[in-house]
>>> print(open('model29.cif').read())   # mmCIF, C-alpha atoms and all ligand atoms
data_work
loop_
_atom_site.label_atom_id
_atom_site.label_comp_id
_atom_site.auth_asym_id
_atom_site.auth_seq_id
_atom_site.Cartn_x
_atom_site.Cartn_y
_atom_site.Cartn_z
CA MET A 1 -33.16 -47.00 12.02
CA THR A 2 -31.39 -43.84 10.95
CA LEU A 3 -29.04 -43.62 8.01
CA ASP A 4 -26.13 -43.15 10.38
CA GLU A 5 -26.99 -46.42 12.09
CA LYS A 6 -27.54 -48.23 8.79
CA VAL A 7 -24.11 -47.44 7.36
CA ARG A 8 -22.54 -49.00 10.42
CA LYS A 9 -24.19 -52.36 9.68
CA THR A 10 -23.52 -54.88 6.94
CA LEU A 11 -26.00 -55.61 4.17
CA ALA A 12 -26.71 -58.95 5.78
CA GLU A 13 -27.56 -57.26 9.05
CA LEU A 14 -29.86 -54.94 7.10
CA SER A 15 -31.47 -57.97 5.49
CA VAL A 16 -30.50 -56.87 2.00
CA ALA A 17 -29.90 -60.04 0.03
CA ASP A 18 -30.52 -59.17 -3.63
CA ALA A 19 -29.93 -56.53 -6.30
CA LYS A 20 -33.39 -55.05 -5.91
CA GLY A 21 -32.95 -54.57 -2.18
CA ALA A 22 -29.51 -52.98 -2.75
CA GLU A 23 -30.87 -50.53 -5.33
CA THR A 24 -33.67 -49.49 -3.00
CA LEU A 25 -31.21 -48.97 -0.17
CA PHE A 26 -28.87 -46.85 -2.30
CA ALA A 27 -31.77 -44.79 -3.65
CA GLU A 28 -32.64 -43.99 -0.06
CA VAL A 29 -29.06 -42.88 0.61
CA ARG A 30 -28.96 -40.67 -2.49
CA ALA A 31 -32.24 -39.07 -1.54
CA ALA A 32 -30.96 -38.38 1.97
CA MET A 33 -27.77 -36.84 0.61
CA GLU A 34 -29.64 -34.56 -1.79
CA ALA A 35 -32.16 -33.61 0.90
CA GLU A 36 -29.41 -32.51 3.29
CA ARG A 37 -27.76 -30.48 0.53
CA GLN A 38 -31.03 -28.86 -0.52
CA ASP A 39 -31.79 -28.08 3.09
CA LEU A 40 -28.56 -26.12 3.52
CA VAL A 41 -28.98 -24.32 0.20
CA SER A 42 -32.52 -23.22 0.97
CA ARG A 43 -31.68 -22.14 4.50
CA GLY A 44 -28.61 -20.17 3.47
CA ALA A 45 -26.22 -18.72 6.01
CA PRO A 46 -26.23 -15.47 7.97
CA SER A 47 -22.60 -14.72 7.12
CA GLU A 48 -19.78 -15.94 4.94
CA ALA A 49 -18.00 -17.38 7.95
CA GLU A 50 -21.10 -19.27 9.00
CA ARG A 51 -21.65 -20.51 5.45
CA ASP A 52 -18.09 -21.82 5.30
CA LYS A 53 -18.62 -23.62 8.59
CA LEU A 54 -21.91 -25.19 7.58
CA ALA A 55 -20.53 -26.24 4.19
CA LYS A 56 -17.52 -27.89 5.77
CA ALA A 57 -19.67 -29.71 8.31
CA LEU A 58 -21.95 -31.13 5.59
CA ARG A 59 -19.04 -32.05 3.38
CA ASP A 60 -17.23 -33.82 6.20
CA ARG A 61 -20.33 -35.66 7.33
CA TRP A 62 -20.56 -37.32 3.92
CA LEU A 63 -17.12 -37.28 2.37
CA ALA A 64 -14.60 -37.30 5.23
CA ARG A 65 -12.07 -40.05 4.70
CA LYS A 66 -12.44 -41.12 8.28
CA ASN A 67 -15.99 -41.85 9.46
CA GLY A 68 -17.62 -39.99 6.58
CA LEU A 69 -20.89 -41.69 5.58
CA LEU A 70 -19.45 -42.75 2.22
CA SER A 71 -16.36 -44.24 3.86
CA LEU A 72 -18.47 -46.22 6.33
CA LEU A 73 -20.66 -47.32 3.49
CA ASP A 74 -17.63 -48.47 1.53
CA GLU A 75 -16.30 -50.32 4.56
CA ASN A 76 -19.51 -52.02 5.70
CA TRP A 77 -21.60 -52.40 2.57
CA LEU A 78 -19.25 -52.69 -0.39
CA LYS A 79 -16.25 -54.50 1.10
CA LYS A 80 -18.38 -56.88 3.17
CA ALA A 81 -20.91 -57.54 0.40
CA PRO A 82 -21.47 -61.14 -0.63
CA LYS A 83 -19.58 -61.94 -3.81
CA GLU A 84 -22.68 -62.15 -6.03
CA LEU A 85 -23.88 -58.67 -4.94
CA LYS A 86 -20.51 -56.95 -5.38
CA PRO A 87 -21.04 -55.81 -9.01
CA VAL A 88 -24.36 -54.12 -8.31
CA ILE A 89 -23.21 -52.63 -5.00
CA GLY A 90 -20.06 -51.37 -6.71
CA ARG A 91 -22.09 -49.69 -9.45
CA GLN A 92 -24.48 -48.12 -6.98
CA PHE A 93 -21.59 -46.97 -4.83
CA ASN A 94 -19.83 -45.28 -7.75
CA GLU A 95 -23.00 -43.49 -8.71
CA LEU A 96 -23.39 -42.26 -5.15
CA ARG A 97 -19.82 -41.09 -5.08
CA ARG A 98 -20.34 -39.07 -8.26
CA GLY A 99 -23.36 -37.43 -6.67
CA GLY A 100 -21.16 -36.64 -3.69
CA GLY A 101 -19.31 -34.11 -5.86
CA ALA A 102 -22.10 -31.65 -5.09
CA LEU A 103 -21.00 -31.80 -1.47
CA GLU A 104 -17.44 -30.70 -2.15
CA ILE A 105 -16.65 -27.38 -0.46
CA GLU A 106 -16.39 -25.26 -3.63
CA ALA A 107 -19.69 -26.58 -4.96
CA LEU A 108 -21.42 -25.88 -1.67
CA LEU A 109 -19.94 -22.41 -1.27
CA SER A 110 -21.23 -21.31 -4.64
CA ALA A 111 -24.66 -22.82 -4.00
CA VAL A 112 -25.35 -21.65 -0.47
CA PRO A 113 -26.51 -18.02 -0.32
CA VAL A 114 -25.36 -15.65 2.38
CA SER A 115 -28.16 -13.55 3.76
CA THR A 116 -27.17 -9.92 4.07
CA SER A 117 -30.30 -8.63 5.72
CA HIS A 118 -28.67 -8.14 9.11
CA ARG A 119 -25.80 -6.05 7.79
CA PRO A 120 -25.73 -2.37 8.55
CA SER A 121 -26.00 -0.63 5.24
CA THR A 122 -27.55 2.45 3.75
CA PRO A 123 -30.42 2.05 1.32
CA VAL A 124 -28.38 3.75 -1.40
CA GLU A 125 -25.65 1.15 -1.19
CA GLY A 126 -28.33 -1.50 -1.26
CA ARG A 127 -29.72 -0.28 -4.53
CA LEU A 128 -26.34 0.14 -6.12
CA THR A 129 -25.22 -3.38 -5.40
CA ALA A 130 -28.54 -5.16 -5.61
CA THR A 131 -27.46 -7.29 -8.55
CA GLU A 132 -24.69 -8.86 -6.54
CA PRO A 133 -26.59 -11.01 -4.09
CA SER A 134 -29.11 -11.86 -6.79
CA ASP A 135 -26.31 -13.36 -8.89
CA LYS A 136 -25.42 -15.58 -5.99
CA PHE A 137 -29.02 -16.59 -5.50
CA ALA A 138 -29.43 -17.37 -9.16
CA GLY A 139 -27.31 -20.49 -8.93
CA ALA A 140 -29.34 -21.84 -6.08
CA GLY A 141 -32.60 -21.26 -7.88
CA THR A 142 -34.14 -19.34 -5.00
CA VAL A 143 -36.16 -16.14 -5.14
CA LYS A 144 -34.22 -13.07 -6.19
CA ASP A 145 -34.85 -10.34 -3.68
CA LEU A 146 -33.55 -7.09 -5.10
CA THR A 147 -34.52 -5.17 -1.98
CA LEU A 148 -31.88 -6.91 0.12
CA PRO A 149 -29.14 -4.53 1.19
CA GLY A 150 -25.84 -4.99 -0.59
CA TYR A 151 -22.41 -5.82 0.70
CA ARG A 152 -20.68 -3.03 2.55
CA ARG A 153 -17.24 -2.54 1.08
CA PRO A 154 -15.04 -0.82 3.62
CA LEU A 155 -13.34 2.19 2.06
CA GLY A 156 -9.84 3.11 3.15
CA SER A 157 -8.83 6.64 3.98
CA ILE A 158 -6.22 8.96 2.53
CA HIS A 159 -2.78 8.30 4.02
CA PRO A 160 -1.68 11.17 6.29
CA ILE A 161 1.39 11.81 4.12
CA THR A 162 -0.73 12.07 0.98
CA ARG A 163 -3.25 14.20 2.84
CA VAL A 164 -0.61 16.71 3.98
CA GLN A 165 1.08 16.68 0.58
CA ARG A 166 -2.21 17.54 -1.12
CA GLU A 167 -2.95 20.26 1.40
CA ILE A 168 0.43 21.90 0.72
CA GLU A 169 -0.03 21.47 -3.04
CA ASP A 170 -3.43 23.14 -2.87
CA ILE A 171 -2.04 26.25 -1.16
CA PHE A 172 0.53 26.72 -3.91
CA LEU A 173 -1.85 25.76 -6.73
CA ASN A 174 -4.07 28.62 -5.53
CA LEU A 175 -1.07 30.95 -5.81
CA GLY A 176 -0.66 29.98 -9.47
CA PHE A 177 2.08 27.37 -9.07
CA ALA A 178 2.03 24.18 -11.13
CA ILE A 179 2.98 20.67 -9.98
CA GLU A 180 6.07 19.17 -11.56
CA THR A 181 7.49 15.68 -10.95
CA GLY A 182 10.61 13.80 -11.97
CA PRO A 183 12.35 10.42 -11.73
CA GLU A 184 13.27 8.88 -8.38
CA VAL A 185 16.18 7.05 -9.98
CA GLU A 186 18.30 9.99 -11.01
CA SER A 187 21.66 10.67 -12.60
CA VAL A 188 24.52 12.00 -10.51
CA TYR A 189 24.50 15.00 -12.84
CA TYR A 190 20.95 16.10 -12.02
CA ASN A 191 21.12 15.10 -8.37
CA PHE A 192 24.46 16.81 -7.60
CA ASP A 193 26.49 18.41 -10.41
CA ALA A 194 23.80 20.59 -11.94
CA LEU A 195 22.82 21.77 -8.45
CA ASN A 196 26.27 23.10 -7.78
CA ILE A 197 27.07 20.37 -5.24
CA PRO A 198 30.83 19.88 -5.58
CA GLU A 199 32.56 16.52 -5.98
CA SER A 200 33.92 16.87 -2.46
CA HIS A 201 30.57 17.52 -0.75
CA PRO A 202 29.84 15.01 2.03
CA ALA A 203 26.27 14.50 0.76
CA ARG A 204 27.76 12.70 -2.26
CA ASP A 205 29.38 10.19 0.02
CA ASP A 206 27.89 6.73 -0.12
CA TRP A 207 27.36 7.03 3.62
CA ASP A 208 24.57 9.45 2.75
CA THR A 209 23.52 8.53 -0.75
CA LEU A 210 22.14 5.27 -2.16
CA TYR A 211 23.99 4.64 -5.42
CA VAL A 212 22.53 2.43 -8.14
CA ASP A 213 25.83 2.62 -10.01
CA ALA A 214 28.66 5.17 -10.22
CA GLN A 215 26.55 7.59 -12.30
CA THR A 216 23.08 6.82 -10.92
CA VAL A 217 21.52 7.43 -7.52
CA LEU A 218 18.18 7.22 -5.79
CA ARG A 219 17.55 10.95 -5.67
CA THR A 220 18.42 12.40 -2.28
CA HIS A 221 16.12 15.39 -2.73
CA THR A 222 13.49 16.68 -5.15
CA SER A 223 15.85 19.44 -6.36
CA PRO A 224 16.97 17.67 -9.56
CA VAL A 225 13.47 18.37 -10.87
CA GLN A 226 14.34 22.10 -10.68
CA ILE A 227 16.93 21.61 -13.42
CA ARG A 228 14.70 19.30 -15.45
CA ALA A 229 11.83 21.81 -15.27
CA MET A 230 14.06 24.75 -16.30
CA GLU A 231 15.30 22.74 -19.27
CA LYS A 232 11.78 21.71 -20.20
CA HIS A 233 9.80 24.92 -19.63
CA GLY A 234 12.34 27.73 -19.44
CA ALA A 235 11.32 30.87 -17.54
CA PRO A 236 9.20 32.28 -16.03
CA LEU A 237 8.61 29.23 -13.89
CA TYR A 238 6.41 28.76 -10.81
CA ILE A 239 6.34 25.14 -9.72
CA ILE A 240 6.17 22.89 -6.70
CA ILE A 241 7.79 19.48 -6.79
CA PRO A 242 6.40 16.79 -4.48
CA GLY A 243 7.93 13.32 -4.32
CA LYS A 244 9.83 10.53 -2.64
CA CYS A 245 13.50 10.88 -1.75
CA TYR A 246 16.03 8.38 -0.48
CA ARG A 247 18.97 8.60 1.86
CA HIS A 248 21.31 6.16 3.47
CA ASP A 249 19.67 6.58 6.88
CA ASN A 250 18.92 3.96 9.47
CA PRO A 251 15.25 4.00 10.39
CA ASP A 252 14.46 5.48 13.79
CA SER A 253 11.72 7.71 15.18
CA THR A 254 12.83 10.71 13.12
CA HIS A 255 14.69 9.12 10.18
CA SER A 256 13.65 6.93 7.31
CA PRO A 257 15.64 5.82 4.23
CA MET A 258 12.61 6.89 2.18
CA PHE A 259 10.76 10.12 2.84
CA HIS A 260 8.76 12.80 1.03
CA GLN A 261 9.78 16.31 0.12
CA ILE A 262 8.02 19.20 -1.44
CA GLU A 263 10.14 21.74 -3.17
CA GLY A 264 9.06 25.10 -4.49
CA LEU A 265 10.68 27.13 -7.24
CA ALA A 266 9.83 30.54 -8.60
CA ILE A 267 11.89 32.02 -11.44
CA ASP A 268 11.11 35.25 -13.20
CA THR A 269 12.67 38.60 -13.93
CA ASP A 270 13.05 40.71 -10.77
CA ILE A 271 12.36 38.01 -8.21
CA THR A 272 13.76 39.07 -4.83
CA PHE A 273 14.16 37.67 -1.34
CA ALA A 274 11.13 39.75 -0.35
CA ASP A 275 8.99 37.63 -2.69
CA LEU A 276 10.35 34.52 -1.01
CA LYS A 277 9.60 35.83 2.48
CA GLY A 278 6.13 36.99 1.53
CA THR A 279 5.20 33.72 -0.15
CA LEU A 280 6.50 31.47 2.62
CA ASP A 281 4.89 33.61 5.33
CA PHE A 282 1.57 33.33 3.47
CA PHE A 283 2.04 29.59 3.13
CA ALA A 284 2.89 29.11 6.83
CA LYS A 285 -0.23 31.02 7.88
CA LYS A 286 -2.41 29.01 5.51
CA PHE A 287 -1.01 25.69 6.69
CA PHE A 288 -0.41 26.23 10.41
CA GLY A 289 -2.97 28.98 11.14
CA GLU A 290 -3.23 32.75 10.84
CA LYS A 291 -1.60 33.33 14.24
CA VAL A 292 1.70 31.80 13.14
CA ARG A 293 4.70 34.10 12.71
CA THR A 294 7.71 33.26 10.56
CA SER A 295 11.37 33.95 11.12
CA PHE A 296 14.25 33.64 8.64
CA HIS A 297 17.82 32.74 9.63
CA PRO A 298 20.92 32.56 7.47
CA SER A 299 22.04 29.09 6.46
CA PHE A 300 24.00 27.40 3.70
CA PHE A 301 22.99 25.24 0.75
CA PRO A 302 25.15 24.80 -2.35
CA PHE A 303 22.23 25.48 -4.70
CA THR A 304 21.02 28.75 -3.16
CA GLU A 305 22.74 32.01 -2.38
CA PRO A 306 21.89 33.49 0.02
CA SER A 307 20.32 30.55 1.88
CA GLY A 308 18.04 30.53 4.88
CA GLU A 309 16.14 28.40 7.35
CA VAL A 310 12.53 29.23 8.04
CA ALA A 311 11.16 28.85 11.55
CA ILE A 312 7.56 29.30 12.62
CA SER A 313 6.37 30.35 16.05
CA CYS A 314 5.66 27.12 17.94
CA VAL A 315 2.14 25.95 17.14
CA PHE A 316 2.00 23.92 20.35
CA CYS A 317 2.78 26.68 22.87
CA ASP A 318 2.10 29.78 20.76
CA GLY A 319 5.74 30.78 21.02
CA GLN A 320 5.81 30.61 24.84
CA GLY A 321 8.33 27.74 24.94
CA CYS A 322 7.52 24.06 25.45
CA ARG A 323 9.01 20.58 25.22
CA ILE A 324 8.40 20.32 21.45
CA CYS A 325 10.10 23.63 20.54
CA LYS A 326 12.78 22.90 23.14
CA GLU A 327 11.67 26.01 25.08
CA SER A 328 12.73 28.26 22.19
CA GLY A 329 9.24 29.19 21.02
CA TRP A 330 10.28 28.45 17.40
CA ILE A 331 10.24 25.37 15.17
CA GLU A 332 12.32 25.09 12.00
CA VAL A 333 10.15 24.02 9.12
CA MET A 334 12.09 24.39 5.88
CA GLY A 335 15.19 25.50 4.06
CA CYS A 336 15.09 28.16 1.36
CA GLY A 337 17.13 30.68 -0.56
CA MET A 338 17.71 32.54 -3.82
CA VAL A 339 18.56 30.15 -6.64
CA HIS A 340 22.32 30.07 -7.19
CA PRO A 341 23.37 31.63 -10.55
CA GLU A 342 25.23 28.40 -11.41
CA VAL A 343 22.01 26.43 -10.99
CA LEU A 344 20.13 28.79 -13.30
CA ARG A 345 22.92 28.44 -15.82
CA HIS A 346 22.75 24.63 -15.63
CA GLY A 347 19.01 24.92 -16.26
CA GLY A 348 19.75 26.90 -19.41
CA LEU A 349 18.67 30.29 -18.01
CA ASP A 350 20.61 33.51 -18.04
CA PRO A 351 21.32 34.57 -14.42
CA ASP A 352 21.73 38.17 -15.55
CA ARG A 353 18.18 38.20 -16.80
CA TYR A 354 16.42 35.84 -14.39
CA SER A 355 16.46 35.35 -10.66
CA GLY A 356 14.49 32.98 -8.51
CA TRP A 357 13.88 31.51 -5.09
CA ALA A 358 13.45 27.93 -3.93
CA PHE A 359 12.44 26.16 -0.76
CA GLY A 360 12.32 22.56 0.35
CA LEU A 361 10.38 20.92 3.16
CA GLY A 362 9.86 17.42 4.55
CA VAL A 363 6.26 16.24 4.29
CA GLU A 364 6.64 13.74 7.15
CA ARG A 365 7.68 16.50 9.52
CA TYR A 366 4.62 18.56 8.62
CA ALA A 367 2.35 15.55 9.10
CA MET A 368 4.00 14.79 12.45
CA MET A 369 3.42 18.36 13.61
CA LYS A 370 -0.10 18.56 12.26
CA TYR A 371 -1.26 15.27 13.79
CA ASP A 372 1.07 15.23 16.80
CA ILE A 373 2.81 12.00 15.73
CA ASN A 374 6.09 11.25 17.44
CA ASP A 375 7.41 8.34 15.36
CA ILE A 376 8.02 8.68 11.62
CA GLN A 377 7.98 4.87 11.23
CA LEU A 378 4.24 4.82 11.90
CA PHE A 379 3.70 6.25 8.42
CA TYR A 380 5.21 3.22 6.71
CA GLN A 381 4.00 0.29 8.81
CA SER A 382 0.54 0.05 7.24
CA ASP A 383 -0.99 -0.58 10.64
CA VAL A 384 -4.73 -0.20 10.14
CA ARG A 385 -5.21 0.96 13.74
CA PHE A 386 -2.94 3.92 12.98
CA LEU A 387 -4.29 4.68 9.50
CA GLU A 388 -7.95 4.48 10.55
CA GLN A 389 -7.52 7.66 12.57
CA PHE A 390 -7.18 9.84 9.48
ZN ZN A 401 6.57 25.28 21.87
#
>>> encode(input="model29.cif", output="structure tokens")
Amino acid sequence: MTLDEKVRKTLAELSVADAKGAETLFAEVRAAMEAERQDLVSRGAPSEAERDKLAKALRDRWLARKNGLLSLLDENWLKKAPKELKPVIGRQFNELRRGGGALEIEALLSAVPVSTSHRPSTPVEGRLTATEPSDKFAGAGTVKDLTLPGYRRPLGSIHPITRVQREIEDIFLNLGFAIETGPEVESVYYNFDALNIPESHPARDDWDTLYVDAQTVLRTHTSPVQIRAMEKHGAPLYIIIPGKCYRHDNPDSTHSPMFHQIEGLAIDTDITFADLKGTLDFFAKKFFGEKVRTSFHPSFFPFTEPSGEVAISCVFCDGQGCRICKESGWIEVMGCGMVHPEVLRHGGLDPDRYSGWAFGLGVERYAMMKYDINDIQLFYQSDVRFLEQF
């Protein structure tokens, strides 16, 4: 008769009529329980998922409230025991139940080793992480095999925004620029006033700007760092300023309330628009390819004078005209200009002695062009299927 059949019968049906018989019977049950546990521990499991499954099955077989072996045993042996045998059966039952603790899920999970031999893994990784599986084996008292390959930890990849930002940074670092950063929660003074953006300018409207309070905003551009850097370092100054910016925009395929800018600033004696053109042309060729041509058009920004927009010859059609450049052959890629004398003054520099240029670009736009991505929201959704491609 198997154990499973025995627990479905009463002691009387099993012909157990005295304490000695009961103790023998319970010893048999304890031995069976320990044997099944040992069996699972020594066999191990091929994967964590399989181990969890096996552990749960063993636990439920013995400890499940409904139809678990201990419940059946309680029902048929203890409750139906003749009065004179109840104390000894009760004692034996409690002892068994204590032993059952080793069958609880947590106890089993830490005792049952997961074999890693089938996992794809390089030998180097195996050596580096060899102590890991051996720690797990230690608890089970089985042989430590240090030659088993280790766990493969999947590494993420660099986010496309970070990747493009670093690429742009590297081009300017090679030109002798330094990286400067500043706060994302910024005062109205640094974000607007010091940059010569008048009280009446629509950008200051709370339709466009996210205000923390009347004097504090989430910076709408990286330009406030221009002022902070001038105050901190004085001139000459050659910096690029990467960072997050915030605007009161509804998210769609080309807008996001949070986005990344990189700003460049060069201040020295005798800096001219020719320096600006030369530097940005060099940058465009480095980033988009040597074949790219640049074109400068007049524009307006409060913090530069004169101001311009920079367009590059379309990288998709080589300037022939296509859907992406709207048949013009050109794509606008940044704004730029000579630093406004007022801005220099706010930074503590003498505009009669120093001049400078600045540019600002959107990192998302560069990443979208570089990787042919048509929806800016993809950058922020943390969808692994998207991010895995980089
Ligand atoms: Zn084109």
>>> closest_residue(input="model29.cif", among="A:Ser313, A:Ser382, A:Asn196, A:Ser157", to="ligand ZN 401 (chain A)", atoms="all atoms listed in the file")
A:Ser313
>>> residues_near_point(input="model29.cif", point="(18.8, 10.7, 3.9)", cutoff="7 Å", atoms="only C-alpha atoms", output="PyMOL selection string")
chain A and resi 208-209+220+246-249+257
>>> write_last_selection(input="model29.cif", atoms="C-alpha atoms", output="PDB file, in the frame of the given file")
ATOM      1  CA  ASP A 208      24.570   9.450   2.750  1.00  0.00           C
ATOM      2  CA  THR A 209      23.520   8.530  -0.750  1.00  0.00           C
ATOM      3  CA  THR A 220      18.420  12.400  -2.280  1.00  0.00           C
ATOM      4  CA  TYR A 246      16.030   8.380  -0.480  1.00  0.00           C
ATOM      5  CA  ARG A 247      18.970   8.600   1.860  1.00  0.00           C
ATOM      6  CA  HIS A 248      21.310   6.160   3.470  1.00  0.00           C
ATOM      7  CA  ASP A 249      19.670   6.580   6.880  1.00  0.00           C
ATOM      8  CA  PRO A 257      15.640   5.820   4.230  1.00  0.00           C
TER       9      PRO A 257
END
>>> closest_residue(input="model29.cif", among="A:Lys285, A:Pro351, A:Asp318, A:Phe390", to="Ile171 of chain A", atoms="only C-alpha atoms")
A:Lys285
>>> residues_near_ligand(input="model29.cif", ligand="ligand ZN 401 (chain A)", cutoff="12 Å", atoms="only C-alpha atoms and all ligand atoms", output="number ranges by chain")
A: 292, 311-332, 369
>>> atom_distance(input="model29.cif", atom1="atom CA of Ser256 of chain A", atom2="atom CA of Trp207 of chain A")
14.2 Å
>>> residues_near_point(input="model29.cif", point="(13.4, 37.4, -13.3)", cutoff="8 Å", atoms="only C-alpha atoms", output="ChimeraX atom specification")
/A:236,267-271,353-356
>>> residues_around(input="model29.cif", residues="Ile105 of chain A", least_positions_apart="5", cutoff="12 Å", atoms="only C-alpha atoms", output="count of residues only")
19
>>> atom_distance(input="model29.cif", atom1="atom CA of Tyr211 of chain A", atom2="atom CA of Tyr190 of chain A")
13.6 Å
>>> atom_distance(input="model29.cif", atom1="atom CA of Thr279 of chain A", atom2="atom CA of Ile179 of chain A")
16.5 Å
>>> closest_residue(input="model29.cif", among="A:Thr304, A:Asn94, A:Thr10, A:Thr222", to="His260 of chain A", atoms="only C-alpha atoms")
A:Thr222
>>> residues_around(input="model29.cif", residues="Asn174 of chain A", least_positions_apart="3", cutoff="12 Å", atoms="only C-alpha atoms", output="PyMOL selection string")
chain A and resi 167-171+177-179+238-240+279+282-283+286
